[in-house]
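Okay, so here's the structure we're looking at.
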Amino acid sequence: MPLNRRKFLKKSAATGAGVAIAGAAAAPAQAAPAAQASPKPAKHPKRYSLTVMGTTDLHGNVFNWDYFKDAEYTDAKGNALGLARISTLVNQVREEKGRRNTLLLDAGDTIQGTPLTYYYAKVDPITAKGGPVHPMAQAMNAIGYDAAALGNHEFNYGIETLRRFEDQLRFPLLGANAVDAKTLRPAFPAYFMKKFHVPGAPPVKVAVLGLTNPGIAIWDKAYVQGKLAFPGLEEQAAKWVPKLKAMGADVVVVSAHSGTSGTSSYGDQVPYVENAAANVARQVPGIDAILVGHAHVEIPELKVTNEATGKTVVLSEPLCYAERLTLFDIELVFAKGGWEVESVAASLRNSNTVADDPKITRLLKDEHAKVVEYVNQVVGTATATLTTVEARYKDAPIIDLITKVQEDVVKAALASTEYAALPVLAQASPFSRTSQIPAGEVTIRDLSSLYVYDNTLVAKLMTGAQVRAYLEYSAQYFVQTAAGDVVDVDKLTNANNRPDYNYDYVSGLGYEIDIAQAAGSRIRNLTYNGAALDDAQQFVLAVNNYRANGGGAFPYVASAKELWSESTEIRTRIAEWVTAKGVLDPKDFASADWKLTRDGTPVF
């Protein structure tokens, strides 16, 4: 049966929020040897080997399947993905190490990211009376996860969906720094503790502390404001690790939905670091290993020295989407009456080396089939092929489709308000480099591949000056390129490692981005209706909720007055727009808004 969250919270109120489980596979105690008159030979110290396995950022990937392409997943590096592959890897490790000597963890971002997760949040929701069990819950329960940290994307569908998912799990969702906004007490279990029995010695006690991302307070403000708060990872780890050690933990592992860079995408909007896992390792004594998440990068092993103790803390981040499995091999020795961690080594196993576990395939084949049928529904006909291949550096009609839909939705929403006469601008990002809407029949999966995130729409009130600053900030995405230099499109973008989703088009204006200029001085010939932009003029900016809440740290937008918002996904609005039109024709949405230049000369 799934853990009952309410019973758990009541039970743990006196000692702090956590889950304690004794290892099921206890070995019988050995009888004490008979007393001998002669001296005993020196004994080797008792040792124990523990393997902690970890995944992160699964994002709804059960099978090695690309719902957007309606085909087996493939990429240029030969990766494979999905929990069905992870299940096979986990079975291999348990066979090698002995199941009772292993622990399986996840570092968050589980129930958002694919049409599969969207389907069971919105189309056939798990929150409905008599609704289904979430496929991710089914898979993770079947594989036998011991605990998982909360990710920020766990909150994307609201707290009700998250709590229902939590109830369906047979293991705890951990979040020491996800607290009740009023009482500041843990709203989720902070930790998980398990005993591993060792023949002839005391059990090894392993504590897992779960930490999540403070950015939730920004990115999902609509759901969590006034209900939950998210203090810093370093602060909460410093509070909880000593408690876990005092409770007898011999090994402390942190599962952190937070990267290692020490940076934040949201600037100073909250006083806590977004990617704080390495900070935790440096600043908080008593941690042996950290399973890292959130950043979607592959870190086989990262060693960080704790500043207080000088001891090494080992970090590892498996690649997202269930493409890798982290292994922490932890060696312990029984000395001075207790267990001590002698060494920790991290490594990765690759999902492309194994086949799907037939158990998971059988378990979820029906749910998979339903989603495949759903995404292949035809909703319209396209008169021309639209693609994002060049959308990072050329004004592409396929991105104009997004901005046009957003403009139309916001105009309709504000039609009966005092803001109806204001011009509406819209932002959109080139999320994917491979999205394509082919000429001919258009399906939900075609449109979903264009807008891969479950963002919703917000209307913000902005001035011309603020929009200008917004565009200048966005233009930092391009690498400065002198007028005479050769242009290599593969090296033209992502300056300072800025991701594609933090570069915005803005429709309804005309402008040039002069990439020969230094960042901050690139926007040229900025016009509205053919005239130079009036800095004092007011506009409505149709913007996704991630950006509206400060994601990407774009200037002014987070603090701008909010005029309207909704909970319907932008992806759904695009499908509705195309369905209503019946025909997807670029003449209905394409616009020439911007271009790259160098000293006034177009780059392309």
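Identifiers in this document derive from the order of the structure tokens: chains are assigned A, B, ..., residues are numbered from 1 separately in each chain, and ligands are numbered from 1 in order of occurrence.
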Leaving out A:Leu184 and any residue of its chain fewer than 5 positions from it, which residues lie within 12 Å of it when counting only C-alpha atoms, given as a compact mmCIF listing (two decimals) with all heavy atoms, in the first residue's frame?
```
# COMPACT_ATOMS: atom_id res chain seq x y z
N GLY A 16 10.44 15.42 13.99
CA GLY A 16 10.76 15.98 12.69
C GLY A 16 10.29 15.04 11.62
O GLY A 16 10.10 13.84 11.83
N ALA A 176 12.89 18.51 2.38
CA ALA A 176 13.15 19.16 3.67
C ALA A 176 12.93 20.66 3.59
O ALA A 176 12.58 21.29 4.59
CB ALA A 176 14.57 18.86 4.14
N ASN A 177 13.16 21.25 2.41
CA ASN A 177 12.97 22.70 2.28
C ASN A 177 11.70 23.04 1.51
O ASN A 177 11.60 24.12 0.93
CB ASN A 177 14.19 23.35 1.62
CG ASN A 177 14.45 22.83 0.21
OD1 ASN A 177 14.20 21.67 -0.09
ND2 ASN A 177 14.96 23.68 -0.65
N ALA A 178 10.72 22.15 1.53
CA ALA A 178 9.36 22.46 1.08
C ALA A 178 8.50 22.50 2.33
O ALA A 178 8.11 21.45 2.86
CB ALA A 178 8.86 21.40 0.10
N VAL A 179 8.24 23.70 2.81
CA VAL A 179 7.62 23.85 4.12
C VAL A 179 6.29 24.58 4.01
O VAL A 179 6.02 25.29 3.05
CB VAL A 179 8.55 24.61 5.10
CG1 VAL A 179 9.87 23.86 5.25
CG2 VAL A 179 8.81 26.04 4.64
N GLY A 226 1.51 31.59 -0.63
CA GLY A 226 0.68 31.57 0.57
C GLY A 226 0.45 30.19 1.15
O GLY A 226 -0.11 30.06 2.24
N LYS A 227 0.89 29.16 0.45
CA LYS A 227 0.69 27.78 0.90
C LYS A 227 1.99 27.10 1.28
O LYS A 227 2.08 26.44 2.32
CB LYS A 227 -0.03 26.97 -0.17
CG LYS A 227 -1.41 27.52 -0.53
CD LYS A 227 -2.03 26.74 -1.68
CE LYS A 227 -3.38 27.32 -2.07
NZ LYS A 227 -3.98 26.61 -3.24
N LEU A 228 2.98 27.24 0.40
CA LEU A 228 4.26 26.59 0.64
C LEU A 228 5.39 27.60 0.49
O LEU A 228 5.28 28.56 -0.26
CB LEU A 228 4.48 25.44 -0.35
CG LEU A 228 3.51 24.27 -0.29
CD1 LEU A 228 3.74 23.33 -1.46
CD2 LEU A 228 3.64 23.52 1.03
N ALA A 229 6.47 27.38 1.22
CA ALA A 229 7.67 28.20 1.10
C ALA A 229 8.85 27.27 0.84
O ALA A 229 8.81 26.08 1.20
CB ALA A 229 7.89 29.02 2.36
N PHE A 230 9.92 27.83 0.25
CA PHE A 230 11.05 27.01 -0.17
C PHE A 230 12.35 27.69 0.22
O PHE A 230 12.98 28.36 -0.59
CB PHE A 230 10.98 26.76 -1.68
CG PHE A 230 9.71 26.07 -2.10
CD1 PHE A 230 8.59 26.81 -2.44
CD2 PHE A 230 9.63 24.70 -2.12
CE1 PHE A 230 7.41 26.20 -2.81
CE2 PHE A 230 8.46 24.05 -2.49
CZ PHE A 230 7.33 24.80 -2.83
N PRO A 231 12.77 27.52 1.48
CA PRO A 231 14.05 28.10 1.91
C PRO A 231 15.23 27.42 1.22
O PRO A 231 15.08 26.43 0.51
CB PRO A 231 14.05 27.86 3.42
CG PRO A 231 13.09 26.74 3.64
CD PRO A 231 12.07 26.85 2.57
N GLN A 236 18.74 24.43 5.02
CA GLN A 236 17.98 23.28 5.50
C GLN A 236 18.85 22.05 5.70
O GLN A 236 18.63 21.25 6.62
CB GLN A 236 16.83 22.98 4.54
CG GLN A 236 15.77 24.05 4.51
CD GLN A 236 15.13 24.28 5.88
OE1 GLN A 236 14.53 23.38 6.45
NE2 GLN A 236 15.28 25.48 6.41
```
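With only C-alpha atoms taken into account, the protein and nucleic acid residues at most 10 Å from stretch 202-204 of chain A (excluding it and anything under 5 positions from it in its own chain) are Ala22, Gly23, Ala26, Ala29, Tyr48, Leu50, Lys194, Lys195, Phe196, His197, Gly248, Ala249, Asp250, Val251, Leu332, Phe334, Gly337, Gly338, Trp339 and Glu340 of chain A.
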With C-alpha atoms retained, could you export that selection as a CSV table (one decimal), in the first residue's frame?
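Listed below is the output, out.csv:
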```csv
chain,number,residue,atom,x,y,z
A,22,ALA,CA,14.2,-1.3,8.8
A,23,GLY,CA,15.8,-3.5,6.1
A,26,ALA,CA,17.7,-9.2,8.0
A,29,ALA,CA,22.6,-13.0,14.3
A,48,TYR,CA,30.0,-3.7,4.6
A,50,LEU,CA,26.4,-0.5,0.1
A,194,LYS,CA,16.7,2.6,6.4
A,195,LYS,CA,18.7,-0.1,8.3
A,196,PHE,CA,20.9,-2.6,6.5
A,197,HIS,CA,21.5,-5.7,8.5
A,248,GLY,CA,22.3,7.3,14.5
A,249,ALA,CA,22.8,7.7,10.7
A,250,ASP,CA,26.1,6.0,9.7
A,251,VAL,CA,25.7,7.2,6.1
A,332,LEU,CA,32.1,1.0,5.4
A,334,PHE,CA,33.2,-1.2,11.8
A,337,GLY,CA,32.2,0.7,18.2
A,338,GLY,CA,30.5,2.1,15.1
A,339,TRP,CA,30.4,2.1,11.3
A,340,GLU,CA,32.5,4.6,9.5
```
- prompt: Could you write out, as a PyMOL selection string, all the residues of stretch 58-197 of chain A that DSSP marks as strand (DSSP E or B)?
  reply: chain A and resi 65-66+71-72+102-106+147-149+173-174+179-180+186+191-197
field: Contacts of A:Phe604 at 10 Å (only C-alpha atoms; same-chain gap of 5+ positions) as number ranges by chain
entry: A: 393-394, 487, 595-597
For the selection you just gave me, I'd like the residues written to a file as a tab-separated table (two decimals), in the first residue's frame, keeping C-alpha atoms.
```tsv
chain	number	residue	atom	x	y	z
A	393	TYR	CA	18.90	33.03	-35.65
A	394	LYS	CA	16.19	33.74	-38.23
A	487	VAL	CA	29.38	33.37	-39.43
A	595	LYS	CA	16.60	40.15	-38.12
A	596	LEU	CA	20.25	39.85	-37.20
A	597	THR	CA	22.58	42.54	-38.54
```
query: Which neighbours of A:Gly158 fall inside 9 Å, counting only C-alpha atoms, when residues of the same chain fewer than 3 positions from it are skipped, and could you give them as a PyMOL selection string?
result: chain A and resi 154-155+161-163+220+222-224
- prompt: Pick from A:Ser316, A:Thr361, A:Gln466, A:Thr326: nearest to A:Leu541, with only C-alpha atoms counted?
  reply: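 Of A:Ser316, A:Thr361, A:Gln466, A:Thr326, the one nearest A:Leu541 is A:Gln466, counting only C-alpha atoms.
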- request: List the neighbours of stretch 89-103 of chain A out to 8 Å using only C-alpha atoms; skip same-chain residues closer than 2 positions along the sequence, and give me the result as a count of residues only.
  value: 20
field: Contacts of A:Asn141 within 12 Å, only C-alpha atoms, excl. fewer than 4 positions in-chain, as an NGL selection string
entry: :A and (1-3 or 83 or 87 or 104-105 or 133-137 or 145-148 or 165-172 or 359-360 or 363)
- request: One decimal, Å: what's the distance from atom CA of A:Gly551 over to atom CA of A:Tyr266, could you say?
  value: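 Spanning atom CA of A:Gly551 to atom CA of A:Tyr266 is a straight-line distance of 5.5 Å.
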message: For a quick check of understanding, using only C-alpha atoms, which of A:Pro285, A:Gln538, A:Gly262, A:Gly18 has the smallest distance to A:Ala187?
response: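 Of the candidates, the smallest distance to A:Ala187 is held by A:Gly18.
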Nearest residue to A:Asp366 from the set A:Val270, A:Leu209, A:Val583, A:Leu116 (distances using only C-alpha atoms): A:Leu116
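For the set A:Gln269, A:Asn455, A:Asn279, A:Asn350, the residue with the smallest atom-to-atom gap to A:Val557 is A:Gln269, counting only C-alpha atoms.
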